[in-house]
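Asks: The following file, input_2.cif, comprises mmCIF, C-alpha atoms:
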data_my_file
#
loop_
_atom_site.label_atom_id
_atom_site.label_comp_id
_atom_site.auth_asym_id
_atom_site.auth_seq_id
_atom_site.Cartn_x
_atom_site.Cartn_y
_atom_site.Cartn_z
CA MET A 1 86.72 89.30 82.92
CA ILE A 2 88.45 92.25 84.64
CA ILE A 3 91.72 91.83 86.52
CA VAL A 4 92.78 94.24 89.28
CA THR A 5 96.36 93.73 90.42
CA GLY A 6 96.94 95.07 93.90
CA GLY A 7 93.20 94.51 94.17
CA ALA A 8 93.29 94.05 97.95
CA GLY A 9 95.37 97.19 98.40
CA PHE A 10 94.21 100.75 98.91
CA ILE A 11 93.32 102.08 95.46
CA GLY A 12 92.86 98.60 94.00
CA SER A 13 90.19 97.56 96.52
CA ASN A 14 88.29 100.79 95.90
CA ILE A 15 88.34 99.99 92.17
CA VAL A 16 87.03 96.50 92.89
CA ALA A 17 84.20 97.95 95.03
CA ALA A 18 83.24 100.43 92.32
CA LEU A 19 83.26 97.76 89.62
CA GLU A 20 81.02 95.54 91.72
CA GLU A 21 78.65 98.45 92.37
CA ARG A 22 78.37 98.87 88.58
CA GLY A 23 77.26 95.26 88.25
CA GLU A 24 80.53 93.66 87.16
CA THR A 25 80.64 90.04 88.31
CA ASP A 26 83.83 88.62 86.76
CA ILE A 27 86.41 90.48 88.85
CA VAL A 28 89.75 88.82 89.59
CA VAL A 29 91.94 90.19 92.39
CA VAL A 30 95.69 89.68 92.13
CA ASP A 31 97.46 90.36 95.42
CA ARG A 32 99.37 89.07 98.43
CA LEU A 33 97.08 89.00 101.47
CA ARG A 34 99.70 87.84 103.98
CA ASP A 35 98.73 87.70 107.66
CA GLY A 36 97.48 91.23 108.38
CA ILE A 37 94.16 93.01 107.88
CA LYS A 38 94.51 93.50 104.15
CA TRP A 39 91.92 90.80 103.41
CA ARG A 40 89.27 93.00 105.02
CA ASN A 41 89.60 95.46 102.13
CA ILE A 42 87.83 92.94 99.90
CA ALA A 43 85.82 91.02 102.49
CA LYS A 44 82.53 92.57 101.33
CA ARG A 45 83.12 91.97 97.64
CA GLU A 46 81.89 89.19 95.37
CA ILE A 47 85.01 88.14 93.49
CA ARG A 48 85.49 85.55 90.80
CA ASP A 49 88.99 84.61 91.92
CA ILE A 50 91.96 85.70 94.04
CA VAL A 51 95.32 85.01 92.40
CA HIS A 52 98.72 85.22 94.05
CA PRO A 53 101.07 87.43 91.99
CA ASP A 54 103.46 84.51 91.52
CA HIS A 55 100.67 82.71 89.65
CA LEU A 56 99.53 85.64 87.51
CA SER A 57 101.40 84.60 84.38
CA ALA A 58 99.87 81.11 84.46
CA PHE A 59 96.41 82.58 85.06
CA LEU A 60 96.75 84.92 82.08
CA ASP A 61 97.93 82.09 79.83
CA ALA A 62 94.96 79.99 80.94
CA HIS A 63 92.50 82.75 79.96
CA PRO A 64 93.98 84.29 76.79
CA ASP A 65 90.67 85.40 75.28
CA ASP A 66 88.57 86.08 78.38
CA ILE A 67 90.14 89.24 79.79
CA ASP A 68 88.72 92.63 78.81
CA ALA A 69 90.96 94.88 80.90
CA ILE A 70 93.73 94.84 83.49
CA PHE A 71 93.85 97.57 86.13
CA HIS A 72 97.45 97.26 87.26
CA MET A 73 97.71 98.89 90.68
CA GLY A 74 100.04 96.33 92.25
CA ALA A 75 103.50 97.64 93.17
CA ILE A 76 105.98 98.14 95.95
CA SER A 77 104.81 101.64 96.83
CA ALA A 78 106.89 102.41 99.92
CA THR A 79 109.18 105.32 99.11
CA THR A 80 111.45 104.08 101.92
CA GLU A 81 112.08 100.65 100.32
CA ARG A 82 115.82 100.30 99.72
CA ASP A 83 115.99 97.01 97.79
CA ALA A 84 116.14 98.38 94.24
CA ASP A 85 116.30 94.89 92.69
CA LYS A 86 113.03 93.99 94.39
CA ILE A 87 111.45 97.28 93.27
CA ILE A 88 112.48 96.82 89.64
CA GLU A 89 111.20 93.24 89.54
CA ASN A 90 107.80 94.25 90.93
CA ASN A 91 107.30 97.74 89.53
CA PHE A 92 109.10 97.78 86.19
CA ARG A 93 109.42 94.25 84.87
CA LEU A 94 105.91 93.09 85.81
CA THR A 95 104.35 96.19 84.25
CA THR A 96 106.27 95.83 81.00
CA ASP A 97 105.35 92.13 80.89
CA LEU A 98 101.67 93.04 81.25
CA TRP A 99 102.01 95.65 78.49
CA GLU A 100 103.37 92.97 76.16
CA TRP A 101 100.67 90.45 77.11
CA CYS A 102 97.87 93.03 76.63
CA ALA A 103 99.32 94.13 73.30
CA ARG A 104 99.38 90.56 72.01
CA ARG A 105 95.85 89.83 73.22
CA SER A 106 94.24 93.18 72.33
CA THR A 107 93.45 93.74 76.01
CA ARG A 108 93.23 97.09 77.75
CA LEU A 109 95.79 98.14 80.37
CA ILE A 110 95.44 100.94 82.91
CA TYR A 111 98.50 101.08 85.14
CA ALA A 112 99.69 103.07 88.15
CA SER A 113 102.52 105.51 87.64
CA SER A 114 103.19 108.09 90.35
CA ALA A 115 103.72 111.78 91.07
CA ALA A 116 107.00 110.62 92.63
CA THR A 117 108.33 110.62 89.06
CA TYR A 118 108.49 114.44 89.27
CA GLY A 119 111.27 114.38 91.85
CA ASP A 120 111.73 117.69 93.64
CA GLY A 121 109.27 119.44 91.33
CA THR A 122 111.74 121.85 89.78
CA GLN A 123 110.63 120.66 86.33
CA GLY A 124 106.99 121.32 87.15
CA PHE A 125 104.08 118.90 87.33
CA ALA A 126 102.82 118.76 83.76
CA ASP A 127 102.14 115.21 82.56
CA ALA A 128 103.95 115.69 79.26
CA PHE A 129 104.70 112.38 77.57
CA ASP A 130 107.30 113.34 75.00
CA PRO A 131 110.83 111.91 75.37
CA GLU A 132 112.45 115.29 75.99
CA SER A 133 110.13 116.19 78.87
CA LEU A 134 110.44 112.76 80.45
CA ALA A 135 114.24 112.90 80.27
CA LYS A 136 114.28 116.04 82.43
CA LEU A 137 112.57 114.40 85.41
CA GLN A 138 114.78 113.15 88.25
CA PRO A 139 112.91 111.06 90.87
CA LEU A 140 114.31 111.18 94.39
CA ASN A 141 113.89 107.54 95.37
CA ALA A 142 113.94 104.06 93.83
CA TYR A 143 110.15 103.80 93.87
CA GLY A 144 109.70 106.99 91.83
CA TRP A 145 112.53 105.97 89.52
CA SER A 146 110.93 102.56 88.82
CA LYS A 147 107.67 104.25 87.79
CA HIS A 148 109.53 106.79 85.66
CA LEU A 149 111.57 104.04 84.03
CA THR A 150 108.31 102.30 83.08
CA ASP A 151 106.78 105.46 81.59
CA ARG A 152 109.92 106.10 79.54
CA ARG A 153 110.02 102.50 78.32
CA PHE A 154 106.43 102.72 77.07
CA ARG A 155 107.16 106.04 75.36
CA ARG A 156 110.03 104.39 73.51
CA ILE A 157 107.86 101.42 72.48
CA LEU A 158 105.14 103.75 71.18
CA ASP A 159 107.67 105.76 69.18
CA GLN A 160 109.33 102.72 67.63
CA ASN A 161 106.29 100.68 66.60
CA SER A 162 102.56 100.17 67.06
CA PHE A 163 102.93 97.33 69.56
CA ARG A 164 100.52 98.49 72.23
CA PRO A 165 97.44 97.38 74.18
CA LYS A 166 93.98 98.06 72.78
CA GLN A 167 93.78 100.92 75.28
CA TRP A 168 96.49 102.03 77.69
CA ALA A 169 96.72 104.72 80.34
CA GLY A 170 99.38 105.54 82.91
CA LEU A 171 98.17 107.32 86.04
CA LYS A 172 100.42 109.64 88.02
CA PHE A 173 98.74 109.55 91.43
CA PHE A 174 99.31 112.49 93.77
CA ASN A 175 98.46 112.33 97.52
CA VAL A 176 95.49 109.96 97.61
CA TYR A 177 93.52 109.44 100.83
CA GLY A 178 90.44 107.42 101.74
CA PRO A 179 89.15 104.10 103.11
CA ASN A 180 91.03 100.79 102.94
CA GLU A 181 94.50 102.24 103.46
CA TYR A 182 94.78 100.98 107.05
CA HIS A 183 97.13 98.07 106.26
CA LYS A 184 99.78 100.54 105.09
CA GLY A 185 100.85 101.49 108.62
CA GLY A 186 103.21 104.46 108.54
CA MET A 187 102.56 104.90 104.82
CA ARG A 188 98.88 105.73 105.43
CA SER A 189 97.65 109.20 104.50
CA VAL A 190 98.12 112.03 106.97
CA VAL A 191 94.33 112.11 107.38
CA SER A 192 94.20 108.56 108.71
CA GLN A 193 97.22 108.94 110.98
CA MET A 194 96.04 112.29 112.32
CA TYR A 195 92.57 110.94 113.05
CA ASP A 196 94.09 108.28 115.30
CA LYS A 197 96.12 110.84 117.24
CA VAL A 198 93.27 113.28 117.70
CA SER A 199 90.92 110.45 118.73
CA ALA A 200 93.43 109.52 121.42
CA GLY A 201 93.32 113.08 122.79
CA GLU A 202 96.69 114.09 121.35
CA LYS A 203 97.45 117.20 119.37
CA ALA A 204 98.17 116.94 115.67
CA THR A 205 101.84 117.31 114.76
CA LEU A 206 103.16 118.69 111.50
CA PHE A 207 106.66 119.42 110.24
CA LYS A 208 108.16 122.82 110.81
CA SER A 209 109.18 124.68 107.69
CA HIS A 210 112.86 125.01 106.85
CA HIS A 211 112.12 127.11 103.79
CA PRO A 212 111.76 130.91 104.03
CA ASP A 213 108.78 131.01 101.67
CA TYR A 214 106.62 128.65 103.73
CA GLU A 215 105.25 128.91 107.27
CA ASP A 216 105.19 125.93 109.61
CA GLY A 217 102.56 123.53 108.28
CA GLY A 218 102.36 125.59 105.12
CA GLN A 219 103.97 122.94 102.92
CA LEU A 220 101.61 122.28 100.02
CA ARG A 221 100.34 119.02 98.53
CA ASP A 222 97.69 117.99 96.02
CA PHE A 223 95.47 115.86 98.27
CA VAL A 224 92.97 113.82 96.24
CA TRP A 225 89.98 111.84 97.51
CA VAL A 226 90.10 108.18 96.45
CA GLY A 227 86.52 108.40 95.19
CA ASP A 228 87.64 110.92 92.57
CA VAL A 229 90.56 108.67 91.61
CA VAL A 230 88.20 105.75 91.03
CA ASN A 231 85.78 107.93 89.06
CA ILE A 232 88.59 108.91 86.70
CA ILE A 233 89.66 105.28 86.27
CA LEU A 234 86.10 104.18 85.48
CA TRP A 235 85.75 107.09 83.05
CA LEU A 236 88.83 105.82 81.22
CA TYR A 237 87.32 102.33 81.18
CA ASP A 238 84.15 103.77 79.66
CA ASN A 239 86.15 105.68 77.03
CA PRO A 240 88.42 103.11 75.37
CA GLN A 241 89.44 105.61 72.71
CA VAL A 242 91.44 107.57 75.33
CA SER A 243 95.07 106.52 75.85
CA ASP A 244 97.83 108.62 77.43
CA LEU A 245 99.82 109.36 80.56
CA PHE A 246 97.71 111.42 82.98
CA ASN A 247 98.11 113.21 86.29
CA ILE A 248 95.55 112.17 88.90
CA GLY A 249 95.07 114.95 91.42
CA THR A 250 92.74 117.87 92.09
CA GLY A 251 94.82 120.57 90.43
CA GLN A 252 94.68 122.55 93.68
CA ALA A 253 97.51 122.42 96.23
CA ARG A 254 96.50 122.74 99.88
CA SER A 255 98.63 123.03 103.01
CA PHE A 256 99.10 120.39 105.68
CA LYS A 257 97.69 122.96 108.10
CA ASP A 258 94.52 123.11 105.96
CA LEU A 259 94.32 119.34 106.10
CA ALA A 260 94.80 119.21 109.88
CA THR A 261 92.15 121.90 110.35
CA ALA A 262 89.73 119.91 108.18
CA VAL A 263 90.32 116.81 110.33
CA PHE A 264 89.58 118.68 113.56
CA HIS A 265 86.47 120.31 112.12
CA ALA A 266 85.17 116.97 110.80
CA MET A 267 85.62 115.56 114.31
CA GLY A 268 83.87 118.53 115.91
CA LYS A 269 87.02 119.66 117.70
CA THR A 270 89.00 122.87 117.96
CA PRO A 271 92.30 122.63 116.05
CA ASP A 272 95.29 121.87 118.27
CA ILE A 273 98.41 121.64 116.12
CA GLY A 274 102.04 121.32 117.14
CA TYR A 275 105.16 121.44 114.98
CA VAL A 276 108.30 119.32 115.00
CA PRO A 277 111.51 119.71 112.97
CA THR A 278 111.62 117.89 109.66
CA PRO A 279 114.00 114.93 110.14
CA GLU A 280 117.47 115.77 108.88
CA ALA A 281 117.59 112.55 106.87
CA ILE A 282 114.88 113.86 104.52
CA ARG A 283 115.16 117.61 105.05
CA ASP A 284 117.31 118.36 102.01
CA LYS A 285 114.97 116.40 99.71
CA TYR A 286 111.68 117.46 101.25
CA GLN A 287 109.09 118.76 98.79
CA TYR A 288 107.35 122.00 99.73
CA PHE A 289 104.93 122.07 96.81
CA THR A 290 103.15 119.58 94.58
CA GLN A 291 100.16 120.33 92.37
CA ALA A 292 98.88 118.23 89.51
CA ASP A 293 98.45 119.95 86.17
CA MET A 294 95.09 118.51 85.13
CA THR A 295 94.96 120.20 81.71
CA LYS A 296 95.53 117.04 79.70
CA LEU A 297 92.86 114.96 81.44
CA ARG A 298 90.33 117.76 81.09
CA ALA A 299 91.20 118.15 77.41
CA ALA A 300 90.65 114.42 76.96
CA GLY A 301 87.07 114.92 78.09
CA TYR A 302 86.93 114.27 81.84
CA ALA A 303 84.57 116.95 83.14
CA ALA A 304 83.46 115.86 86.62
CA PRO A 305 84.36 118.25 89.47
CA MET A 306 86.92 117.19 92.05
CA THR A 307 86.01 116.83 95.72
CA SER A 308 87.27 119.64 97.94
CA LEU A 309 89.69 118.82 100.75
CA GLU A 310 87.10 119.70 103.39
CA ASP A 311 84.39 117.56 101.78
CA GLY A 312 86.71 114.61 101.20
CA VAL A 313 88.13 114.62 104.72
CA GLY A 314 84.63 115.02 106.14
CA GLN A 315 83.32 112.08 104.15
CA TYR A 316 86.30 109.91 105.07
CA ILE A 317 85.90 110.55 108.79
CA ARG A 318 82.10 110.52 108.93
CA ASP A 319 81.47 107.47 106.73
CA TYR A 320 84.52 105.37 107.56
CA LEU A 321 87.05 106.33 110.25
CA ALA A 322 84.45 107.25 112.88
CA THR A 323 82.38 104.10 112.34
CA ASP A 324 82.62 100.58 113.78
CA ASP A 325 83.47 99.29 110.30
CA PRO A 326 85.86 101.65 108.46
CA PHE A 327 86.29 99.38 105.43
CA ARG A 328 84.60 100.09 102.13
#
Translate the structure described by the file into structure tokens.

Replies:
Amino acid sequence: MIIVTGGAGFIGSNIVAALEERGETDIVVVDRLRDGIKWRNIAKREIRDIVHPDHLSAFLDAHPDDIDAIFHMGAISATTERDADKIIENNFRLTTDLWEWCARRSTRLIYASSAATYGDGTQGFADAFDPESLAKLQPLNAYGWSKHLTDRRFRRILDQNSFRPKQWAGLKFFNVYGPNEYHKGGMRSVVSQMYDKVSAGEKATLFKSHHPDYEDGGQLRDFVWVGDVVNIILWLYDNPQVSDLFNIGTGQARSFKDLATAVFHAMGKTPDIGYVPTPEAIRDKYQYFTQADMTKLRAAGYAAPMTSLEDGVGQYIRDYLATDDPFR
């Protein structure tokens, strides 16, 4: 049996789809579906069970010897969430509880960390997992802090004893885009939001630069296609000897202007881009550059090429956003 927490969410539902395509039949989704469109992310899947997060502990205790791996993608991922108690309960405590359960049951655990752990990026974007390097990182919001707190806790456990899952991997996701993110509203990728605006006949809008080294729209991000993210996760599943904390990006920063241009070209339109001031509330903390250092993952043996921004955006629009059924 394979459990995917957050399995009806963006990355989680893409993992579920890929597992099903590989022939896995005992897939359990753990998630809150609520009353929106989130259920559609898994509507095409054959799933063994759907478990509410409040019932996860009881489900695990009822199947102590049946679970091969847990892909823990469930979290409060909104960087704007202000309830730190809620974030810690969902992002830190649940993850550490799963680590303990997997360690006791010799089960594998692959969990979501985040590039938000790097804060403003002044310490670089190398996924070093030694205590000294981790201590230097200063996340800018409670979400990033909760993920960083988890990574540091696991580092301490590993240093103090051998109490660990059969395989474990923490994944520092950069700017992931792709199908099944529609329920996220304003937290959707820029690709998805921009497609809606351009489809409505509006121009694309990007933030002006307030940094002398960057032109308007020249702010850089590591945009990564969700298909590549899933391929890396499945590679880890196929290589149980690999355990570590890894960046998940392309290793190549691209500008928001590049992304907007790719959207227009994929839609067969001439780029029409406007610029608005970065809101003052976030201006002093705004990141102008992120780029995943992929050295460690490559050294671990992952050799598949990453999808280019143009190819990923084109595939997203052609195969999903521009169709009558955009869900994977």

Asks: From the list A:Gly6, A:Thr122, A:Ser13, A:Gln138, which residue is nearest Val230 in chain A when using all atoms listed in the file?

Replies: A:Ser13

Asks: Kindly list the centre and edge lengths in Å, rounded to one decimal, for the axis-aligned box that covers all listed atoms of range 56-72 of chain A plus 5 Å on each of its six sides, as JSON.

Replies:
{"center_x": 95.0, "center_y": 88.8, "center_z": 81.4, "size_x": 22.8, "size_y": 27.6, "size_z": 22.2}

Asks: List the residues matched by the PyMOL selection byres ((chain A and resi 95-105) around 10) in the displayed structure as a PDB file with C-alpha atoms, in the coordinates of the input, ordered by chain and then by residue number.

Replies:
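Resulting contents of selection-v4.pdb:
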ATOM      1  CA  LEU A  56      99.530  85.640  87.510  1.00  0.00           C
ATOM      2  CA  SER A  57     101.400  84.600  84.380  1.00  0.00           C
ATOM      3  CA  LEU A  60      96.750  84.920  82.080  1.00  0.00           C
ATOM      4  CA  ASP A  61      97.930  82.090  79.830  1.00  0.00           C
ATOM      5  CA  PRO A  64      93.980  84.290  76.790  1.00  0.00           C
ATOM      6  CA  ASP A  65      90.670  85.400  75.280  1.00  0.00           C
ATOM      7  CA  ASP A  66      88.570  86.080  78.380  1.00  0.00           C
ATOM      8  CA  ILE A  67      90.140  89.240  79.790  1.00  0.00           C
ATOM      9  CA  ASP A  68      88.720  92.630  78.810  1.00  0.00           C
ATOM     10  CA  ALA A  69      90.960  94.880  80.900  1.00  0.00           C
ATOM     11  CA  ILE A  70      93.730  94.840  83.490  1.00  0.00           C
ATOM     12  CA  HIS A  72      97.450  97.260  87.260  1.00  0.00           C
ATOM     13  CA  MET A  73      97.710  98.890  90.680  1.00  0.00           C
ATOM     14  CA  GLY A  74     100.040  96.330  92.250  1.00  0.00           C
ATOM     15  CA  ALA A  75     103.500  97.640  93.170  1.00  0.00           C
ATOM     16  CA  ILE A  88     112.480  96.820  89.640  1.00  0.00           C
ATOM     17  CA  GLU A  89     111.200  93.240  89.540  1.00  0.00           C
ATOM     18  CA  ASN A  90     107.800  94.250  90.930  1.00  0.00           C
ATOM     19  CA  ASN A  91     107.300  97.740  89.530  1.00  0.00           C
ATOM     20  CA  PHE A  92     109.100  97.780  86.190  1.00  0.00           C
ATOM     21  CA  ARG A  93     109.420  94.250  84.870  1.00  0.00           C
ATOM     22  CA  LEU A  94     105.910  93.090  85.810  1.00  0.00           C
ATOM     23  CA  SER A 106      94.240  93.180  72.330  1.00  0.00           C
ATOM     24  CA  THR A 107      93.450  93.740  76.010  1.00  0.00           C
ATOM     25  CA  ARG A 108      93.230  97.090  77.750  1.00  0.00           C
ATOM     26  CA  LEU A 109      95.790  98.140  80.370  1.00  0.00           C
ATOM     27  CA  ILE A 110      95.440 100.940  82.910  1.00  0.00           C
ATOM     28  CA  TYR A 111      98.500 101.080  85.140  1.00  0.00           C
ATOM     29  CA  ALA A 112      99.690 103.070  88.150  1.00  0.00           C
ATOM     30  CA  LYS A 147     107.670 104.250  87.790  1.00  0.00           C
ATOM     31  CA  THR A 150     108.310 102.300  83.080  1.00  0.00           C
ATOM     32  CA  ASP A 151     106.780 105.460  81.590  1.00  0.00           C
ATOM     33  CA  ARG A 153     110.020 102.500  78.320  1.00  0.00           C
ATOM     34  CA  PHE A 154     106.430 102.720  77.070  1.00  0.00           C
ATOM     35  CA  SER A 162     102.560 100.170  67.060  1.00  0.00           C
ATOM     36  CA  PHE A 163     102.930  97.330  69.560  1.00  0.00           C
ATOM     37  CA  ARG A 164     100.520  98.490  72.230  1.00  0.00           C
ATOM     38  CA  PRO A 165      97.440  97.380  74.180  1.00  0.00           C
ATOM     39  CA  LYS A 166      93.980  98.060  72.780  1.00  0.00           C
ATOM     40  CA  GLN A 167      93.780 100.920  75.280  1.00  0.00           C
ATOM     41  CA  TRP A 168      96.490 102.030  77.690  1.00  0.00           C
TER      42      TRP A 168
END

Asks: At most 8 Å from (92.3, 83.3, 94.1), file frame, all atoms listed in the file: which residues, as a list in words?

Replies: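 Selection result: Val28, Val29, Val30, Arg48, Asp49, Ile50, Val51 and His52 of chain A.
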
Asks: Using only C-alpha atoms, can you list as a compact mmCIF listing (two decimals) with C-alpha atoms, keeping the file's coordinate frame the residues within 12 Å of (110.3, 120.6, 100.4)?

Replies:
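Once written, part-v7.txt looks like this:
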# COMPACT_ATOMS: atom_id res chain seq x y z
CA GLY A 119 111.27 114.38 91.85
CA ASP A 120 111.73 117.69 93.64
CA GLY A 121 109.27 119.44 91.33
CA THR A 122 111.74 121.85 89.78
CA LEU A 140 114.31 111.18 94.39
CA PHE A 207 106.66 119.42 110.24
CA LYS A 208 108.16 122.82 110.81
CA SER A 209 109.18 124.68 107.69
CA HIS A 210 112.86 125.01 106.85
CA HIS A 211 112.12 127.11 103.79
CA PRO A 212 111.76 130.91 104.03
CA ASP A 213 108.78 131.01 101.67
CA TYR A 214 106.62 128.65 103.73
CA GLU A 215 105.25 128.91 107.27
CA ASP A 216 105.19 125.93 109.61
CA GLY A 217 102.56 123.53 108.28
CA GLY A 218 102.36 125.59 105.12
CA GLN A 219 103.97 122.94 102.92
CA LEU A 220 101.61 122.28 100.02
CA ARG A 221 100.34 119.02 98.53
CA THR A 278 111.62 117.89 109.66
CA PRO A 279 114.00 114.93 110.14
CA ILE A 282 114.88 113.86 104.52
CA ARG A 283 115.16 117.61 105.05
CA ASP A 284 117.31 118.36 102.01
CA LYS A 285 114.97 116.40 99.71
CA TYR A 286 111.68 117.46 101.25
CA GLN A 287 109.09 118.76 98.79
CA TYR A 288 107.35 122.00 99.73
CA PHE A 289 104.93 122.07 96.81
CA THR A 290 103.15 119.58 94.58

Asks: So the first atom is CA of Pro326 in chain A and the second is CA of Tyr275 in chain A; what is the distance between them in Å, to one decimal place?

Replies: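 One can read the CA of Pro326 in chain A to CA of Tyr275 in chain A distance as 28.4 Å.
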
Asks: Would you kindly place N, CA and C atoms on range 159-170 of chain A and return the model as a CSV table (one decimal), in the coordinates of the input?

Replies:
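Contents of the output file part.csv:
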chain,number,residue,atom,x,y,z
A,159,ASP,N,107.0,105.0,70.2
A,159,ASP,CA,107.7,105.8,69.2
A,159,ASP,C,108.3,104.8,68.1
A,160,GLN,N,108.6,103.6,68.5
A,160,GLN,CA,109.3,102.7,67.6
A,160,GLN,C,108.4,101.9,66.8
A,161,ASN,N,107.2,101.6,67.3
A,161,ASN,CA,106.3,100.7,66.6
A,161,ASN,C,104.9,100.8,67.1
A,162,SER,N,104.0,100.1,66.6
A,162,SER,CA,102.6,100.2,67.1
A,162,SER,C,102.2,99.1,68.0
A,163,PHE,N,103.2,98.5,68.7
A,163,PHE,CA,102.9,97.3,69.6
A,163,PHE,C,102.4,97.9,70.9
A,164,ARG,N,101.1,97.9,71.1
A,164,ARG,CA,100.5,98.5,72.2
A,164,ARG,C,99.2,97.8,72.6
A,165,PRO,N,98.8,97.9,73.8
A,165,PRO,CA,97.4,97.4,74.2
A,165,PRO,C,96.3,98.1,73.4
A,166,LYS,N,95.2,97.5,73.4
A,166,LYS,CA,94.0,98.1,72.8
A,166,LYS,C,93.7,99.5,73.3
A,167,GLN,N,93.8,99.6,74.6
A,167,GLN,CA,93.8,100.9,75.3
A,167,GLN,C,94.8,100.9,76.4
A,168,TRP,N,95.5,102.0,76.6
A,168,TRP,CA,96.5,102.0,77.7
A,168,TRP,C,96.4,103.4,78.3
A,169,ALA,N,96.7,103.4,79.6
A,169,ALA,CA,96.7,104.7,80.3
A,169,ALA,C,97.6,104.6,81.6
A,170,GLY,N,98.5,105.5,81.7
A,170,GLY,CA,99.4,105.5,82.9
A,170,GLY,C,98.9,106.6,83.8
